[in-house]
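The structure file protein_12.cif is reproduced below (mmCIF, C-alpha atoms).
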```cif
data_data
#
loop_
_atom_site.label_atom_id
_atom_site.label_comp_id
_atom_site.auth_asym_id
_atom_site.auth_seq_id
_atom_site.Cartn_x
_atom_site.Cartn_y
_atom_site.Cartn_z
CA MET A 1468 0.00 0.00 0.00
CA GLY A 1469 2.98 2.29 0.60
CA LEU A 1470 4.06 1.67 -2.98
CA HIS A 1471 0.53 2.31 -4.23
CA PHE A 1472 0.39 5.60 -2.33
CA SER A 1473 3.78 6.63 -3.74
CA ASN A 1474 2.68 5.80 -7.29
CA PHE A 1475 -0.54 7.73 -6.78
CA GLY A 1476 1.50 10.74 -5.61
CA ALA A 1477 3.61 10.65 -8.77
CA TRP A 1478 0.47 10.42 -10.93
CA LEU A 1479 -1.16 13.27 -9.01
CA GLY A 1480 1.90 15.45 -9.63
CA GLU A 1481 1.49 14.88 -13.35
CA GLN A 1482 -2.17 15.78 -13.21
CA VAL A 1483 -2.17 18.92 -11.05
CA GLY A 1484 1.50 19.86 -10.75
CA ILE A 1485 4.12 18.91 -8.16
CA HIS A 1486 3.46 21.85 -5.86
CA LYS A 1487 -0.31 21.37 -5.66
CA ALA A 1488 0.11 17.61 -5.33
CA SER A 1489 2.52 18.03 -2.41
CA ILE A 1490 0.07 20.18 -0.43
CA THR A 1491 -3.07 18.12 -1.19
CA ILE A 1492 -1.96 14.48 -1.19
CA HIS A 1493 -2.39 14.20 2.58
CA ARG A 1494 -6.15 14.44 2.05
CA TYR A 1495 -6.14 10.96 0.56
CA LEU A 1496 -3.85 9.20 3.03
CA SER A 1497 -6.70 8.02 5.26
CA PHE A 1498 -8.35 6.39 2.21
CA PHE A 1499 -5.27 4.28 1.52
CA LEU A 1500 -4.87 3.47 5.23
CA ASP A 1501 -8.50 2.29 5.41
CA ILE A 1502 -7.92 0.01 2.44
CA GLU A 1503 -4.77 -1.42 3.99
CA LYS A 1504 -6.52 -2.00 7.30
CA GLN A 1505 -9.54 -3.70 5.75
CA TRP A 1506 -8.01 -5.76 2.94
CA GLN A 1507 -4.21 -5.25 2.86
CA ALA A 1508 -4.57 -4.74 -0.90
CA ILE A 1509 -6.84 -2.83 -3.28
CA PRO A 1510 -10.06 -4.88 -3.64
CA GLU A 1511 -12.63 -4.97 -6.45
CA TYR A 1512 -14.72 -1.89 -7.16
CA THR A 1513 -17.93 -3.45 -5.82
CA ILE A 1514 -16.22 -4.13 -2.48
CA LEU A 1515 -14.98 -0.54 -2.25
CA LEU A 1516 -18.44 0.68 -3.17
CA LYS A 1517 -20.11 -1.41 -0.49
CA TYR A 1518 -17.69 -0.24 2.20
CA PHE A 1519 -17.34 3.47 1.34
CA GLY A 1520 -20.60 4.02 -0.53
CA THR A 1521 -21.13 6.34 -3.47
CA PRO A 1522 -20.75 9.51 -1.32
CA GLY A 1523 -17.52 8.17 0.17
CA LEU A 1524 -15.98 7.34 -3.19
CA ARG A 1525 -17.07 10.72 -4.51
CA LYS A 1526 -14.74 12.31 -1.94
CA VAL A 1527 -11.77 10.40 -3.35
CA LEU A 1528 -12.37 10.89 -7.05
CA LEU A 1529 -8.68 11.36 -7.86
CA PRO A 1530 -7.47 8.15 -6.18
CA MET A 1531 -10.34 6.24 -7.81
CA ARG A 1532 -9.49 7.75 -11.17
CA TRP A 1533 -5.86 6.69 -10.70
CA MET A 1534 -6.90 3.15 -9.77
CA MET A 1535 -9.09 2.88 -12.87
CA GLU A 1536 -6.49 4.35 -15.22
CA THR A 1537 -3.86 1.92 -13.95
CA GLY A 1538 -6.24 -1.05 -14.10
CA LEU A 1539 -6.23 -1.70 -10.35
CA VAL A 1540 -10.03 -1.47 -10.28
CA VAL A 1541 -12.73 -1.63 -12.94
CA MET A 1542 -15.79 0.49 -12.28
CA ASP A 1543 -19.12 -1.34 -12.24
CA ALA A 1544 -21.67 1.18 -13.52
CA VAL A 1545 -24.60 -1.08 -12.61
CA ALA A 1546 -23.39 -1.51 -9.03
CA LYS A 1547 -22.79 2.22 -8.75
CA ALA A 1548 -26.30 3.07 -9.96
CA GLU A 1549 -27.82 0.46 -7.63
CA ASP A 1550 -25.92 1.85 -4.63
CA SER A 1551 -27.16 5.34 -5.48
CA GLU A 1552 -30.76 4.09 -5.67
CA GLN A 1553 -30.45 2.32 -2.31
CA ARG A 1554 -29.25 5.52 -0.68
CA ARG A 1555 -32.10 7.50 -2.20
CA VAL A 1556 -34.57 4.94 -0.85
CA ALA A 1557 -32.97 5.29 2.60
CA ALA A 1558 -33.29 9.08 2.34
CA THR A 1559 -36.98 8.70 1.49
CA LEU A 1560 -37.53 6.63 4.63
CA GLU A 1561 -35.76 9.25 6.72
CA LYS A 1562 -38.37 11.84 5.79
CA PHE A 1563 -40.36 10.39 8.69
CA LYS A 1564 -39.13 9.89 12.24
CA THR A 1565 -38.89 6.33 13.51
CA GLY A 1566 -41.90 5.51 15.66
CA THR A 1567 -44.39 7.66 13.77
CA ALA A 1568 -47.43 6.12 12.12
CA GLN A 1569 -46.29 7.37 8.73
CA ARG A 1570 -42.85 5.76 9.13
CA ALA A 1571 -44.42 2.46 10.17
CA ILE A 1572 -46.58 2.44 7.02
CA LEU A 1573 -43.66 3.37 4.76
CA ASP A 1574 -41.40 0.78 6.43
CA GLY A 1575 -44.01 -1.88 5.78
CA TYR A 1576 -44.32 -0.89 2.15
CA HIS A 1577 -40.52 -0.83 1.83
CA ASP A 1578 -40.29 -4.34 3.28
CA GLN A 1579 -42.88 -5.58 0.79
CA LEU A 1580 -40.96 -4.06 -2.11
CA LEU A 1581 -37.69 -5.43 -0.74
CA THR A 1582 -39.10 -8.94 -0.80
CA GLY A 1583 -39.76 -8.54 -4.51
CA GLN A 1584 -36.23 -7.24 -5.04
CA LYS A 1585 -34.67 -10.23 -3.27
CA GLU A 1586 -36.74 -12.54 -5.43
CA GLY A 1587 -35.50 -10.77 -8.54
CA LYS A 1588 -38.93 -9.39 -9.39
CA THR A 1589 -38.02 -5.72 -9.09
CA SER A 1590 -35.01 -3.41 -9.07
CA TRP A 1591 -33.79 -0.78 -6.64
CA ARG A 1592 -34.76 1.87 -9.15
CA SER A 1593 -38.32 0.52 -9.22
CA ILE A 1594 -38.38 0.53 -5.42
CA ARG A 1595 -37.25 4.15 -5.36
CA LEU A 1596 -39.84 5.14 -7.98
CA ALA A 1597 -42.57 3.39 -5.98
CA MET A 1598 -41.59 4.86 -2.61
CA THR A 1599 -41.24 8.45 -3.79
CA PRO A 1600 -45.00 9.03 -4.40
CA ALA A 1601 -45.87 6.90 -1.37
CA ALA A 1602 -43.85 9.23 0.86
CA ALA A 1603 -45.30 12.30 -0.89
CA LEU A 1604 -48.85 11.06 -0.30
CA LEU A 1605 -48.09 10.35 3.36
CA LEU A 1606 -46.58 13.82 3.79
CA GLN A 1607 -49.56 15.51 2.16
CA ALA A 1608 -52.00 13.52 4.31
CA ALA A 1609 -49.96 14.34 7.42
CA THR A 1610 -50.56 18.07 6.88
CA LYS A 1611 -54.28 17.31 7.27
CA GLU A 1612 -53.59 14.96 10.20
CA VAL A 1613 -54.89 12.01 8.20
CA CYS A 1614 -53.08 8.70 8.60
CA PRO A 1615 -53.23 6.40 6.77
CA PRO A 1616 -54.16 8.43 3.67
CA ASP A 1617 -57.79 8.05 2.63
CA GLN A 1618 -59.60 8.40 -0.70
CA LYS A 1619 -59.92 12.17 -0.34
CA MET A 1620 -56.19 12.53 0.24
CA LEU A 1621 -55.38 10.29 -2.73
CA ASP A 1622 -57.67 12.22 -5.06
CA ALA A 1623 -56.18 15.52 -3.88
CA TYR A 1624 -52.65 14.20 -4.42
CA LEU A 1625 -53.37 12.95 -7.93
CA GLY A 1626 -55.16 16.17 -8.70
CA THR A 1627 -51.85 18.02 -8.35
CA THR A 1628 -49.52 15.25 -9.54
CA PRO A 1629 -51.42 13.17 -12.14
CA GLY A 1630 -48.12 11.91 -13.55
CA GLN A 1631 -47.58 9.80 -10.42
CA ARG A 1632 -50.76 7.81 -10.93
CA ALA A 1633 -49.06 4.61 -12.10
CA ALA A 1634 -46.20 4.91 -9.60
CA VAL A 1635 -48.51 5.27 -6.59
CA SER A 1636 -50.79 2.37 -7.60
CA GLY A 1637 -48.72 -0.19 -5.70
CA PHE A 1638 -48.92 1.86 -2.51
CA VAL A 1639 -52.67 2.23 -2.92
CA GLY A 1640 -52.93 -1.56 -3.14
CA TYR A 1641 -50.73 -1.91 -0.06
CA LEU A 1642 -52.94 0.47 1.95
CA ARG A 1643 -56.06 -1.36 0.84
CA ASP A 1644 -54.76 -4.90 1.44
CA GLY A 1645 -52.33 -4.34 4.29
CA HIS A 1646 -54.12 -1.63 6.27
CA LYS A 1647 -57.74 -2.23 5.24
CA VAL A 1648 -58.14 1.32 3.93
CA ASN A 1649 -61.16 1.83 1.67
CA ILE A 1650 -59.15 3.43 -1.11
CA THR A 1651 -58.87 2.95 -4.85
CA LEU A 1652 -57.54 4.63 -7.96
CA THR A 1653 -60.42 6.41 -9.65
CA PRO A 1654 -60.26 5.60 -13.37
CA ALA A 1655 -58.12 8.23 -15.05
CA TYR A 1656 -60.70 8.96 -17.70
CA ASP A 1657 -63.27 9.96 -15.08
CA LYS A 1658 -61.32 13.07 -14.09
CA ALA A 1659 -60.74 14.06 -17.71
CA LYS A 1660 -64.39 13.40 -18.45
CA LYS A 1661 -65.55 15.57 -15.56
CA THR A 1662 -63.20 18.37 -16.59
CA LYS A 1663 -64.46 18.27 -20.16
CA LYS A 1664 -68.10 18.17 -18.97
CA LYS A 1665 -67.51 21.23 -16.81
CA ARG A 1666 -65.90 23.10 -19.70
CA LEU A 1667 -68.85 22.27 -21.98
CA GLU A 1668 -71.32 23.33 -19.30
CA THR A 1669 -69.61 26.72 -18.93
CA GLU A 1670 -69.61 27.22 -22.70
CA LEU A 1671 -73.25 26.13 -22.95
CA LEU A 1672 -74.39 28.62 -20.28
CA ARG A 1673 -72.47 31.40 -22.01
CA LEU A 1674 -74.07 30.67 -25.37
CA LEU A 1675 -77.57 30.36 -23.88
CA ALA A 1676 -77.17 33.81 -22.32
CA GLU A 1677 -76.81 35.33 -25.79
CA ASN A 1678 -80.15 36.83 -26.85
CA ASP A 1679 -79.37 37.49 -30.49
CA ARG A 1680 -77.39 34.67 -32.02
CA SER A 1681 -75.83 34.71 -35.43
CA GLN A 1682 -76.02 31.65 -37.65
CA SER A 1683 -72.54 30.54 -36.61
CA GLU A 1684 -73.35 31.07 -32.91
CA GLN A 1685 -76.55 29.02 -33.24
CA LEU A 1686 -74.57 26.25 -34.88
CA GLN A 1687 -71.97 26.44 -32.12
CA LEU A 1688 -74.71 26.24 -29.47
CA LEU A 1689 -76.14 23.10 -31.06
CA ALA A 1690 -72.68 21.56 -31.39
CA VAL A 1691 -71.86 22.21 -27.73
CA ALA A 1692 -75.29 20.93 -26.67
CA MET A 1693 -74.81 17.71 -28.64
CA ALA A 1694 -71.38 17.25 -27.07
CA TYR A 1695 -72.66 18.02 -23.55
CA PHE A 1696 -75.82 15.90 -23.59
CA HIS A 1697 -74.84 13.09 -25.96
CA GLY A 1698 -71.06 13.05 -26.26
CA VAL A 1699 -71.12 13.72 -29.99
CA ALA A 1700 -67.78 15.23 -31.05
CA GLN A 1701 -68.17 18.90 -31.92
CA LYS A 1702 -66.03 18.48 -35.02
CA GLU A 1703 -68.72 16.18 -36.41
CA ILE A 1704 -71.31 18.95 -36.24
CA THR A 1705 -71.43 21.08 -39.37
CA ALA A 1706 -74.12 23.35 -40.72
CA ALA A 1707 -74.80 20.93 -43.57
CA VAL A 1708 -75.20 18.01 -41.19
CA MET A 1709 -77.42 19.88 -38.75
CA LYS A 1710 -79.61 21.26 -41.58
CA SER A 1711 -80.34 17.80 -42.94
CA ALA A 1712 -80.32 15.92 -39.64
CA VAL A 1713 -83.62 17.04 -38.10
CA ALA A 1714 -85.78 13.93 -37.91
CA SER A 1715 -88.72 15.43 -36.03
CA THR A 1716 -89.76 18.52 -34.12
CA ASP A 1717 -92.20 18.97 -31.26
CA ASN A 1718 -93.01 21.66 -28.75
CA ALA A 1719 -90.40 20.34 -26.38
CA GLY A 1720 -87.47 20.25 -28.78
CA ASP A 1721 -85.84 18.70 -31.85
CA THR A 1722 -84.75 15.16 -32.62
CA PHE A 1723 -81.62 14.93 -34.76
CA THR A 1724 -80.47 11.85 -36.64
CA ILE A 1725 -76.71 11.76 -37.11
CA ASN A 1726 -74.97 8.69 -38.53
CA GLY A 1727 -78.15 6.70 -38.05
CA VAL A 1728 -78.56 7.60 -34.37
CA ASP A 1729 -81.36 9.80 -32.98
CA TYR A 1730 -80.50 12.58 -30.53
CA TRP A 1731 -83.05 14.78 -28.82
CA LEU A 1732 -82.35 18.30 -27.54
CA PRO A 1733 -84.76 20.29 -25.32
CA SER A 1734 -86.61 23.41 -26.37
CA GLU A 1735 -83.84 25.76 -25.22
CA PHE A 1736 -81.94 24.59 -28.30
CA LYS A 1737 -84.84 24.65 -30.79
CA ARG A 1738 -83.76 26.32 -34.00
CA LYS A 1739 -85.53 29.28 -35.47
CA LYS A 1740 -86.64 28.79 -39.02
CA ASN A 1741 -83.77 29.05 -41.46
CA ASP A 1742 -81.31 29.55 -38.57
CA LEU A 1743 -78.94 27.15 -40.28
CA ALA A 1744 -79.78 28.03 -43.86
CA LEU A 1745 -76.72 27.88 -46.04
CA ASP A 1746 -75.84 30.72 -48.37
#
```
Can you dump the structure from the file as structure tokens?
Amino acid sequence: MGLHFSNFGAWLGEQVGIHKASITIHRYLSFFLDIEKQWQAIPEYTILLKYFGTPGLRKVLLPMRWMMETGLVVMDAVAKAEDSEQRRVAATLEKFKTGTAQRAILDGYHDQLLTGQKEGKTSWRSIRLAMTPAAALLLQAATKEVCPPDQKMLDAYLGTTPGQRAAVSGFVGYLRDGHKVNITLTPAYDKAKKTKKKRLETELLRLLAENDRSQSEQLQLLAVAMAYFHGVAQKEITAAVMKSAVASTDNAGDTFTINGVDYWLPSEFKRKKNDLALD
């Protein structure tokens, strides 16, 4: 190890200059002493990684670079990435104090995920991606003093972070099966559907408030009404279609036949004569 340290010093002098090397090399002495104490020789990269960890090796980048350039160690990118993921998972757990209800729930979920990892069914990256939204949901629920998170908390969380829907699904299942929480992922399309319905309703009320409608506004009103009440795509509604689509009319409203299907609209949407007449 003395020879290794001497060779590293010579390499360092070539990299940063003799003067700078002479006043900085002492920073790395403890690293070489630790290696000598533990293994008496420079071990494989994965062993160094396990002992010092990614943060520890980051502090000795120059010695590690020297070891790799001289072939004393070969970096294992997969092992490095896995170690980083493990540490990020540990940091996620530490967001909650040991002994709290939230930490107990997250520990249980972590243990369940870890079982899958040991069986080769999942990776540390997948564990980290699963635990991140789980911790976020627990934190958000904690601000409302709700533990474990309930349906209201889940819906509120997904309302602000819809991109985490898939990632949080495993935790939702864990809460439901492991903690008997009545919670489920509302189908994604429901939220989009409700948002679209609300937008159509607002547009419909605006158009109905117009006393004097132009031909194009009347057509737009009918198109929005068909979309709101029957789910017919607005792009399918054209003046030509609407002019020829009236199947019957009564005092209560109009029945339209579009693509072989009858749709009825109430009297608020009854057309005035020639409203949709084409020039």
Practice task
Using all atoms listed in the file, collect all residues at a distance of at most 9 Å from (-49.3, 7.8, -5.3) as written in the file, then present them as an NGL selection string.
Solution key: :A and (1597-1604 or 1621 or 1624-1625 or 1628-1629 or 1631-1639)
Problem - Who sits within 12 Å of Trp1533 (chain A), all atoms listed in the file, same chain under 2 positions skipped, as a ChimeraX atom specification - result: /A:1471-1482,1527-1531,1535-1542
Practice task
May I ask for the distance between CA of Ile1485 (chain A) and CA of Ala1508 (chain A), given in Å to one decimal place?
Solution key: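 CA of Ile1485 (chain A) sits 26.2 Å away from CA of Ala1508 (chain A).
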Exercise for the section: Run the PyMOL selection byres ((chain A and resi 1561) around 12) on the file and write out the hits as number ranges by chain. Expected result: A: 1554-1560, 1562-1567, 1569-1571, 1573-1574, 1598-1599, 1602
Problem - Residue among A:Lys1647, A:Gly1640, A:Leu1671, A:Leu1596 lying closest to Gln1685 (chain A), counting all atoms listed in the file - result: A:Leu1671
So which residues get picked by the PyMOL selection byres ((chain A and resi 1550) around 12) here, written as a PDB file with C-alpha atoms, keeping the file's coordinate frame?
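Result saved to part34.pdb:
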```pdb
ATOM      1  CA  THR A1513     -17.930  -3.450  -5.820  1.00  0.00           C
ATOM      2  CA  ILE A1514     -16.220  -4.130  -2.480  1.00  0.00           C
ATOM      3  CA  LEU A1515     -14.980  -0.540  -2.250  1.00  0.00           C
ATOM      4  CA  LEU A1516     -18.440   0.680  -3.170  1.00  0.00           C
ATOM      5  CA  LYS A1517     -20.110  -1.410  -0.490  1.00  0.00           C
ATOM      6  CA  TYR A1518     -17.690  -0.240   2.200  1.00  0.00           C
ATOM      7  CA  PHE A1519     -17.340   3.470   1.340  1.00  0.00           C
ATOM      8  CA  GLY A1520     -20.600   4.020  -0.530  1.00  0.00           C
ATOM      9  CA  THR A1521     -21.130   6.340  -3.470  1.00  0.00           C
ATOM     10  CA  PRO A1522     -20.750   9.510  -1.320  1.00  0.00           C
ATOM     11  CA  GLY A1523     -17.520   8.170   0.170  1.00  0.00           C
ATOM     12  CA  LEU A1524     -15.980   7.340  -3.190  1.00  0.00           C
ATOM     13  CA  ASP A1543     -19.120  -1.340 -12.240  1.00  0.00           C
ATOM     14  CA  ALA A1544     -21.670   1.180 -13.520  1.00  0.00           C
ATOM     15  CA  VAL A1545     -24.600  -1.080 -12.610  1.00  0.00           C
ATOM     16  CA  ALA A1546     -23.390  -1.510  -9.030  1.00  0.00           C
ATOM     17  CA  LYS A1547     -22.790   2.220  -8.750  1.00  0.00           C
ATOM     18  CA  ALA A1548     -26.300   3.070  -9.960  1.00  0.00           C
ATOM     19  CA  GLU A1549     -27.820   0.460  -7.630  1.00  0.00           C
ATOM     20  CA  SER A1551     -27.160   5.340  -5.480  1.00  0.00           C
ATOM     21  CA  GLU A1552     -30.760   4.090  -5.670  1.00  0.00           C
ATOM     22  CA  GLN A1553     -30.450   2.320  -2.310  1.00  0.00           C
ATOM     23  CA  ARG A1554     -29.250   5.520  -0.680  1.00  0.00           C
ATOM     24  CA  ARG A1555     -32.100   7.500  -2.200  1.00  0.00           C
ATOM     25  CA  VAL A1556     -34.570   4.940  -0.850  1.00  0.00           C
ATOM     26  CA  ALA A1557     -32.970   5.290   2.600  1.00  0.00           C
ATOM     27  CA  SER A1590     -35.010  -3.410  -9.070  1.00  0.00           C
ATOM     28  CA  TRP A1591     -33.790  -0.780  -6.640  1.00  0.00           C
ATOM     29  CA  ARG A1592     -34.760   1.870  -9.150  1.00  0.00           C
ATOM     30  CA  ARG A1595     -37.250   4.150  -5.360  1.00  0.00           C
TER      31      ARG A1595
END
```
Residue contacts of Met1693 (chain A) (12 Å, only C-alpha atoms) excluding same-chain residues fewer than 4 positions away, as a PDB file with C-alpha atoms, keeping the file's coordinate frame:
```
ATOM      1  CA  LYS A1664     -68.100  18.170 -18.970  1.00  0.00           C
ATOM      2  CA  LEU A1667     -68.850  22.270 -21.980  1.00  0.00           C
ATOM      3  CA  GLU A1668     -71.320  23.330 -19.300  1.00  0.00           C
ATOM      4  CA  LEU A1671     -73.250  26.130 -22.950  1.00  0.00           C
ATOM      5  CA  LEU A1686     -74.570  26.250 -34.880  1.00  0.00           C
ATOM      6  CA  GLN A1687     -71.970  26.440 -32.120  1.00  0.00           C
ATOM      7  CA  LEU A1688     -74.710  26.240 -29.470  1.00  0.00           C
ATOM      8  CA  LEU A1689     -76.140  23.100 -31.060  1.00  0.00           C
ATOM      9  CA  HIS A1697     -74.840  13.090 -25.960  1.00  0.00           C
ATOM     10  CA  GLY A1698     -71.060  13.050 -26.260  1.00  0.00           C
ATOM     11  CA  VAL A1699     -71.120  13.720 -29.990  1.00  0.00           C
ATOM     12  CA  ALA A1700     -67.780  15.230 -31.050  1.00  0.00           C
ATOM     13  CA  GLN A1701     -68.170  18.900 -31.920  1.00  0.00           C
ATOM     14  CA  LYS A1702     -66.030  18.480 -35.020  1.00  0.00           C
ATOM     15  CA  GLU A1703     -68.720  16.180 -36.410  1.00  0.00           C
ATOM     16  CA  ILE A1704     -71.310  18.950 -36.240  1.00  0.00           C
ATOM     17  CA  THR A1705     -71.430  21.080 -39.370  1.00  0.00           C
ATOM     18  CA  MET A1709     -77.420  19.880 -38.750  1.00  0.00           C
ATOM     19  CA  ASP A1721     -85.840  18.700 -31.850  1.00  0.00           C
ATOM     20  CA  THR A1722     -84.750  15.160 -32.620  1.00  0.00           C
ATOM     21  CA  PHE A1723     -81.620  14.930 -34.760  1.00  0.00           C
ATOM     22  CA  THR A1724     -80.470  11.850 -36.640  1.00  0.00           C
ATOM     23  CA  ILE A1725     -76.710  11.760 -37.110  1.00  0.00           C
ATOM     24  CA  ASP A1729     -81.360   9.800 -32.980  1.00  0.00           C
ATOM     25  CA  TYR A1730     -80.500  12.580 -30.530  1.00  0.00           C
ATOM     26  CA  TRP A1731     -83.050  14.780 -28.820  1.00  0.00           C
ATOM     27  CA  LEU A1732     -82.350  18.300 -27.540  1.00  0.00           C
ATOM     28  CA  PRO A1733     -84.760  20.290 -25.320  1.00  0.00           C
ATOM     29  CA  PHE A1736     -81.940  24.590 -28.300  1.00  0.00           C
TER      30      PHE A1736
END
```
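Picture a line from CA of Gly1645 (chain A) to CA of Ala1608 (chain A); it runs 17.9 Å.
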Can you give me all heavy atoms for region 1528-1536 of chain A, written as a tab-separated table (two decimals), in the frame of the given file?
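After the write, rebuild32.tsv holds the following:
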```tsv
chain	number	residue	atom	x	y	z
A	1528	LEU	N	-12.28	11.07	-5.60
A	1528	LEU	CA	-12.37	10.89	-7.05
A	1528	LEU	C	-11.00	10.70	-7.70
A	1528	LEU	O	-10.84	9.87	-8.60
A	1528	LEU	CB	-13.08	12.10	-7.68
A	1528	LEU	CG	-14.60	12.19	-7.46
A	1528	LEU	CD1	-15.14	13.48	-8.07
A	1528	LEU	CD2	-15.30	10.98	-8.08
A	1529	LEU	N	-10.01	11.45	-7.24
A	1529	LEU	CA	-8.68	11.36	-7.86
A	1529	LEU	C	-8.02	10.00	-7.61
A	1529	LEU	O	-7.51	9.38	-8.56
A	1529	LEU	CB	-7.79	12.51	-7.39
A	1529	LEU	CG	-8.16	13.88	-8.00
A	1529	LEU	CD1	-7.35	15.00	-7.36
A	1529	LEU	CD2	-7.94	13.87	-9.50
A	1530	PRO	N	-8.02	9.49	-6.37
A	1530	PRO	CA	-7.47	8.15	-6.18
A	1530	PRO	C	-8.23	7.08	-6.97
A	1530	PRO	O	-7.62	6.17	-7.53
A	1530	PRO	CB	-7.61	7.92	-4.67
A	1530	PRO	CG	-7.56	9.27	-4.09
A	1530	PRO	CD	-8.29	10.14	-5.07
A	1531	MET	N	-9.55	7.20	-7.05
A	1531	MET	CA	-10.34	6.24	-7.81
A	1531	MET	C	-10.03	6.34	-9.30
A	1531	MET	O	-9.93	5.32	-10.00
A	1531	MET	CB	-11.84	6.47	-7.57
A	1531	MET	CG	-12.32	6.09	-6.17
A	1531	MET	SD	-12.00	4.34	-5.77
A	1531	MET	CE	-12.98	3.52	-7.02
A	1532	ARG	N	-9.85	7.56	-9.76
A	1532	ARG	CA	-9.49	7.75	-11.17
A	1532	ARG	C	-8.13	7.11	-11.46
A	1532	ARG	O	-7.94	6.46	-12.50
A	1532	ARG	CB	-9.46	9.24	-11.48
A	1532	ARG	CG	-9.14	9.57	-12.94
A	1532	ARG	CD	-9.13	11.06	-13.15
A	1532	ARG	NE	-8.32	11.44	-14.28
A	1532	ARG	CZ	-7.90	12.67	-14.52
A	1532	ARG	NH1	-8.22	13.66	-13.69
A	1532	ARG	NH2	-7.16	12.93	-15.59
A	1533	TRP	N	-7.20	7.29	-10.54
A	1533	TRP	CA	-5.86	6.69	-10.70
A	1533	TRP	C	-5.95	5.16	-10.73
A	1533	TRP	O	-5.33	4.51	-11.57
A	1533	TRP	CB	-4.95	7.14	-9.56
A	1533	TRP	CG	-3.68	6.35	-9.46
A	1533	TRP	CD1	-2.60	6.41	-10.28
A	1533	TRP	CD2	-3.39	5.35	-8.48
A	1533	TRP	NE1	-1.63	5.51	-9.88
A	1533	TRP	CE2	-2.10	4.84	-8.77
A	1533	TRP	CE3	-4.08	4.84	-7.38
A	1533	TRP	CZ2	-1.49	3.84	-8.01
A	1533	TRP	CZ3	-3.47	3.86	-6.62
A	1533	TRP	CH2	-2.20	3.36	-6.94
A	1534	MET	N	-6.75	4.60	-9.82
A	1534	MET	CA	-6.90	3.15	-9.77
A	1534	MET	C	-7.50	2.60	-11.07
A	1534	MET	O	-7.09	1.55	-11.57
A	1534	MET	CB	-7.81	2.75	-8.60
A	1534	MET	CG	-7.19	2.96	-7.23
A	1534	MET	SD	-8.35	2.48	-5.93
A	1534	MET	CE	-7.44	3.00	-4.46
A	1535	MET	N	-8.46	3.34	-11.63
A	1535	MET	CA	-9.09	2.88	-12.87
A	1535	MET	C	-8.15	3.03	-14.06
A	1535	MET	O	-8.09	2.15	-14.93
A	1535	MET	CB	-10.39	3.66	-13.11
A	1535	MET	CG	-11.54	3.24	-12.19
A	1535	MET	SD	-13.07	4.14	-12.56
A	1535	MET	CE	-13.38	4.91	-10.99
A	1536	GLU	N	-7.42	4.14	-14.10
A	1536	GLU	CA	-6.49	4.35	-15.22
A	1536	GLU	C	-5.35	3.35	-15.21
A	1536	GLU	O	-4.83	2.98	-16.28
A	1536	GLU	CB	-5.95	5.78	-15.17
A	1536	GLU	CG	-6.97	6.84	-15.58
A	1536	GLU	CD	-6.35	8.22	-15.72
A	1536	GLU	OE1	-5.09	8.33	-15.63
A	1536	GLU	OE2	-7.11	9.19	-15.91
```
